[in-house]
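Trainee: Mind having a look at this structure? Questions to follow.
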Amino acid sequence: MEEFLQQVVTGISIGSIYAIVALAIVLIYRSTAVVNFAQGEMAMFTTFISWSFLLRMDFWPALILTSLVAFALGGALEMIVMRPVEKASHLNSVVVTLGLLAIFNSVALWRYGPLPRPFEKPEVFTGSPLDVGTITISRLNIGILAIAFIIMVALFLLFNYTKLGLAMRATAQNPTASRLVGINTSRMLALGWALSATVGAIAGMLTAANQSLSIDMMLAILLFAFAGAVLGGLDSPGGAIVGGLAVGVIQALAGTYISSQVDIIAAFFVIVAVLMVRPTGLFGRRVMRRV
Amino acid sequence: MPAVLRTRTIGWALLVLVLIFFPYFHTWWGFSWFLQHLESTTGINLTVFEMTSLAVWVVILTGLNLLTGYSGQISLGHGALVAVGAYIAAILLDRTATPVAVAVLAGGVGAGAVGFAIGFPSLRLTGPYLAIATLALIVSMPQLLKHDDLIDIARFTGGASGIDLPTAHAPGSVEGLMDDRQWLYYSTMLPAVIMTVLAWNITRSRIGRAFIALRDSEIGAQQMGVNIAFYKTLAFGLSALYAGVGGGLFVYTQDFASPESFSTFQSITFLVSIVIGGLASILGSVLAAAFFTFQTGVIAQLADYLPAVDRLRWAIYGATLIVVMILLPAGAAGLVQRLGRLRPSELLAVWQAGLRSPISALRAHPIFERLSGGRGDDGRGGGTGTGA
């Protein structure tokens with residue numbers, strides 16, 4: 001039982017990172033209906049930028065500055081490269097995001113080199129791990145979970161209780177109709193990308209604090225974050241958290257109890273199984289379309 | 001203007017001639033000079049072996065285009081189906097004395113069955129959900145192939161080291177006519193051409209029209225009497241059959257199958273290739289295969305031109321993807337198709353205008369407006385009904 005709980009906790013700590021990246025994916029999907037493959041690399045790139053900030057200041061001001069940079073970067077990317085392919089098929093947008101993935105990965109390699117770098121943790125999270133009964137939890141993992149939760153609540157409030165959020169959702173679902181009722185759809189799409197890049201930047205900094213900063217750090221995470229986002233439902237911020245955590249826990253449990261060789265298979269098997277029962281994820285809503 | 005003289009007809013005739021005689025005349029004086037020049041300037045290495053791999057990718061990407069381009073179902077894990085076909089063929093060739101053709105076909109049928117089975121879950125999934133479900137296949141594939149704990153799969157698949165086949169040799173009956181490489185070329189190119197023509201016919205049949213109707217509006221198609229469940233699973237099965245045959249041919253030409261041969265990255269590149277080549281177009285699939293085969297060579301060549309930015313190679317690749325998507329939303333096939341509709345003299349005019357001052361003249365030229373006339377359509381462009 002102890003081992004079981006400890007594995008669940010390990011799973012939750014891996015999963016909390018997936019959860020934040022999944023939140024960024026959900027955010028962009030909900031506001032632009034595009035699945036962004038460059039999400040992880042954008043986060044990695046902004047984390048390298050935050051590294052230069054960290055040389056001059058503390059963690060929290062650096063986080064805020066990086067978020068601002070990421071906000072501008074995300075918005076600019078939407079306006080420069082996504083807008084021209086907006087009207088083409090969704091697959092074209094996907095290919096463009098894959099192109100962005102290649103660009104960010106390569107520019108980071110060129111600018112910062114292949115070696116991983118140590119990344120400063122915020123002071124609050126550095127203390128000795130907490131003991132709850134026989135289980136140990138690191139402070140950083142609790143911090144990551146808390147931040148994921150705060151972002152989720154903020155997004156929930158934004159999307160469900162503000163006019164801006166409503167406009168963003170409307171734009172993703174039906175751009176033409178949204179334009180007809182007076183929504184500036186271009187601005188909404190850019191805002192969606194900007195917010196998503198911001199959430200991604202926070203995820204990147206926390207990932208780097210948890211492991212270390214390297215150009216490959218987000219590749220595997222992105223894959224599982226996708227899985228988590230889909231598991232929870234691509235249009236549900238709460239689902240992203242649950243999905244991300246679930247993927248981490250399944251990975252940890254399957255790795256311990258079934259076989260260390262099946263952790264990835266098990267995670268994806270569960271996702272496919274869940275999708276069979278609920279085709280739009282656990283908390284996703286089925287979109288009705290009029291023909 | 002007689003039909004014989006249309007650019008399109010001339011293009012096809014030339015292509016057929018080149019495909020038939022390629023393994024022999026690539027060593028001829030003028031031609032070999034051209035190929036060497038091509039290799040040293042662009043990095044496109046047109047050897048018999050590369051053309052053989054091209055044929056393999058044509059089969060696989062044509063299958064993927066049937067699924068994604070025509071019937072609108074995204075598969076991010078097509079490499080998994082290729083792997084199924086490849087491993088079936090490899091195990092048959094390795095352990096039994098199965099003839100190659102039978103082994104490749106068995107690979108195709110086996111992968112087709114798996115694809116048909118995947119088709120059932122796909123009935124409930126759409127868009128990104130389907131994409132991730134198929135991605136799950138390819139991501140788990142290496143772990144599955146190497147697995148020896150619960151079920152000893154590695155005993156059949158050779159685990160991490162894969163299956164190493166003896167090099168394929170030309171049979172004695174063609175002794176003196178062709179060497180091993182030329183034999184491989186013909187024995188891969190022939191099925192590739194057959195399967196491409198088959199796909200071309202399928203897309204123009206009742207099945208192809210049902211796929212397109214399904215893609216454009218599922219509910220609309222249902223109202224028109226298209227059996228959604230049947231055609232969706234059929235698209236998966238058919239596409240998997242192509243992937244399996246492609247996998248079998250891959251093993252036969254490479255003499256090798258290992259878990260690393262079928263990476264997630266490769267599967268994503270399949271999808272990128274058909275979008276670049278042109279969705280819902282057989283010509284697009286062929287161009288996609290060319291893109292897939294030669295991209296590494298071209299990227300490596302870039303490093304020679306720009307040694308200072310060696311590490312930026314992939315950035316240039318990514319930028320190219322983005323630029324192609326912005327300028328040619330219907331992929332390379334869309335451009336070729338519009339050029340193909342012009343008469344040779346008009347084509348010459350485009351070419352000359354392009355030469356005079358590359359972009360500005362081309363922009364000002366009225367023909368450019370005809371070329372870019374399709375920019376505003378749905379992005380699948382000329383593909384919907386007329387893809388060549």
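Here, A, B, ... name the chains of the structure tokens in the order displayed, residue numbers run from 1 inside each chain, and ligands are numbered from 1 in the same displayed order.
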Using only C-alpha atoms, which chain A residues lie at most 8 Å away from chain B, written as a PyMOL selection string?

Mentor: chain A and resi 35+81+84-85+87-89+91-92+95-96+98-107+109-110+226-227+230+259+261-262+264-265+268-269+271-272+275-276+279-280+291

Trainee: Please return, as a PyMOL selection string, all residues of segment 171-240 of chain A that DSSP assigns to helix (DSSP H, G or I) on the basis of the backbone.

Mentor: chain A and resi 171-173+175-180+185-210+217-232+237-240

Trainee: So that I have them on file, write out the residues from the current selection with C-alpha atoms, as an mmCIF file, in the first residue's frame.

Mentor:
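Contents of result34.cif, freshly written:
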data_model
loop_
_atom_site.group_PDB
_atom_site.id
_atom_site.type_symbol
_atom_site.label_atom_id
_atom_site.label_comp_id
_atom_site.auth_asym_id
_atom_site.auth_seq_id
_atom_site.Cartn_x
_atom_site.Cartn_y
_atom_site.Cartn_z
ATOM 1 C CA THR A 171 -14.279 32.596 -32.851
ATOM 2 C CA ALA A 172 -12.960 29.058 -32.617
ATOM 3 C CA GLN A 173 -16.351 27.495 -33.216
ATOM 4 C CA PRO A 175 -15.429 32.440 -37.323
ATOM 5 C CA THR A 176 -17.888 33.703 -39.937
ATOM 6 C CA ALA A 177 -20.803 34.037 -37.568
ATOM 7 C CA SER A 178 -18.544 35.635 -34.958
ATOM 8 C CA ARG A 179 -17.406 38.253 -37.435
ATOM 9 C CA LEU A 180 -21.030 38.956 -38.317
ATOM 10 C CA THR A 185 -11.830 37.442 -34.844
ATOM 11 C CA SER A 186 -8.243 38.136 -35.899
ATOM 12 C CA ARG A 187 -7.549 39.742 -32.548
ATOM 13 C CA MET A 188 -9.159 36.805 -30.716
ATOM 14 C CA LEU A 189 -6.988 34.287 -32.563
ATOM 15 C CA ALA A 190 -3.843 36.278 -31.808
ATOM 16 C CA LEU A 191 -4.898 36.561 -28.171
ATOM 17 C CA GLY A 192 -5.433 32.807 -27.994
ATOM 18 C CA TRP A 193 -1.903 32.161 -29.238
ATOM 19 C CA ALA A 194 -0.462 34.797 -26.940
ATOM 20 C CA LEU A 195 -2.153 33.359 -23.835
ATOM 21 C CA SER A 196 -1.203 29.832 -24.795
ATOM 22 C CA ALA A 197 2.438 30.809 -25.278
ATOM 23 C CA THR A 198 2.339 32.436 -21.832
ATOM 24 C CA VAL A 199 1.024 29.308 -20.143
ATOM 25 C CA GLY A 200 3.585 27.306 -22.106
ATOM 26 C CA ALA A 201 6.370 29.597 -20.877
ATOM 27 C CA ILE A 202 5.359 29.009 -17.255
ATOM 28 C CA ALA A 203 5.283 25.265 -17.925
ATOM 29 C CA GLY A 204 8.731 25.476 -19.486
ATOM 30 C CA MET A 205 10.256 27.283 -16.505
ATOM 31 C CA LEU A 206 8.754 24.795 -14.059
ATOM 32 C CA THR A 207 9.966 21.858 -16.153
ATOM 33 C CA ALA A 208 13.458 23.314 -16.225
ATOM 34 C CA ALA A 209 13.355 23.869 -12.459
ATOM 35 C CA ASN A 210 12.246 20.271 -11.997
ATOM 36 C CA MET A 217 13.332 18.753 -22.499
ATOM 37 C CA MET A 218 9.855 19.344 -23.940
ATOM 38 C CA LEU A 219 9.740 16.749 -26.740
ATOM 39 C CA ALA A 220 8.581 13.741 -24.721
ATOM 40 C CA ILE A 221 6.554 15.934 -22.385
ATOM 41 C CA LEU A 222 4.618 17.394 -25.306
ATOM 42 C CA LEU A 223 3.596 13.937 -26.468
ATOM 43 C CA PHE A 224 2.211 12.950 -23.068
ATOM 44 C CA ALA A 225 0.663 16.378 -22.621
ATOM 45 C CA PHE A 226 -1.219 15.824 -25.872
ATOM 46 C CA ALA A 227 -2.351 12.487 -24.539
ATOM 47 C CA GLY A 228 -3.462 14.156 -21.313
ATOM 48 C CA ALA A 229 -5.293 16.950 -23.117
ATOM 49 C CA VAL A 230 -7.127 14.451 -25.301
ATOM 50 C CA LEU A 231 -7.925 12.230 -22.339
ATOM 51 C CA GLY A 232 -9.467 15.139 -20.460
ATOM 52 C CA PRO A 237 -9.209 23.240 -18.871
ATOM 53 C CA GLY A 238 -10.234 21.084 -15.901
ATOM 54 C CA GLY A 239 -9.987 18.036 -18.119
ATOM 55 C CA ALA A 240 -6.452 18.984 -19.090
#

Trainee: What separation in Å, quoted to one decimal, exists between atom CA of Pro116 of chain A and atom CA of Leu213 of chain A?

Mentor: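 Computed distance, atom CA of Pro116 of chain A to atom CA of Leu213 of chain A, equals 5.4 Å.
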
Trainee: In Å, rounded to a single decimal, give me how far atom CA of Ala108 of chain A is from atom CA of Ser13 of chain A.

Mentor: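 Answer for the atom CA of Ser13 of chain A to atom CA of Ala108 of chain A separation: 26.8 Å.
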
Trainee: Measuring between only C-alpha atoms, which one of A:Leu68, A:Val21, A:Leu5, A:Leu73 shows the shortest distance to Gly244 of chain A?

Mentor: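 That would be A:Val21, the residue with the smallest distance to Gly244 of chain A.
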
Trainee: I'd like the neighbourhood of Gly244 of chain B as a PyMOL selection string, where a residue qualifies if any of its atoms comes within 9 Å (using only C-alpha atoms), though same-chain residues fewer than 5 positions away should be ignored.

Mentor: chain B and resi 60+81-86+88-89+104-112+239+249

Trainee: Take the selection from the previous step and output its residues with C-alpha atoms, as a CSV table (one decimal), in the first residue's frame.

Mentor:
chain,number,residue,atom,x,y,z
B,60,ILE,CA,2.9,4.2,-48.4
B,81,LEU,CA,0.8,0.0,-40.0
B,82,VAL,CA,4.0,0.1,-42.2
B,83,ALA,CA,5.8,-1.7,-39.4
B,84,VAL,CA,3.1,-4.4,-39.2
B,85,GLY,CA,3.5,-5.1,-42.9
B,86,ALA,CA,7.3,-4.9,-42.7
B,88,ILE,CA,5.1,-9.8,-41.3
B,89,ALA,CA,7.1,-9.8,-44.5
B,104,VAL,CA,4.9,-8.7,-49.4
B,105,LEU,CA,1.3,-9.4,-50.1
B,106,ALA,CA,0.9,-11.1,-46.8
B,107,GLY,CA,2.3,-8.0,-45.1
B,108,GLY,CA,-0.2,-6.0,-47.0
B,109,VAL,CA,-3.1,-8.2,-46.0
B,110,GLY,CA,-2.0,-8.4,-42.4
B,111,ALA,CA,-1.6,-4.6,-42.1
B,112,GLY,CA,-4.9,-4.2,-43.9
B,239,SER,CA,-4.8,2.7,-46.6
B,249,LEU,CA,8.7,-3.7,-50.0
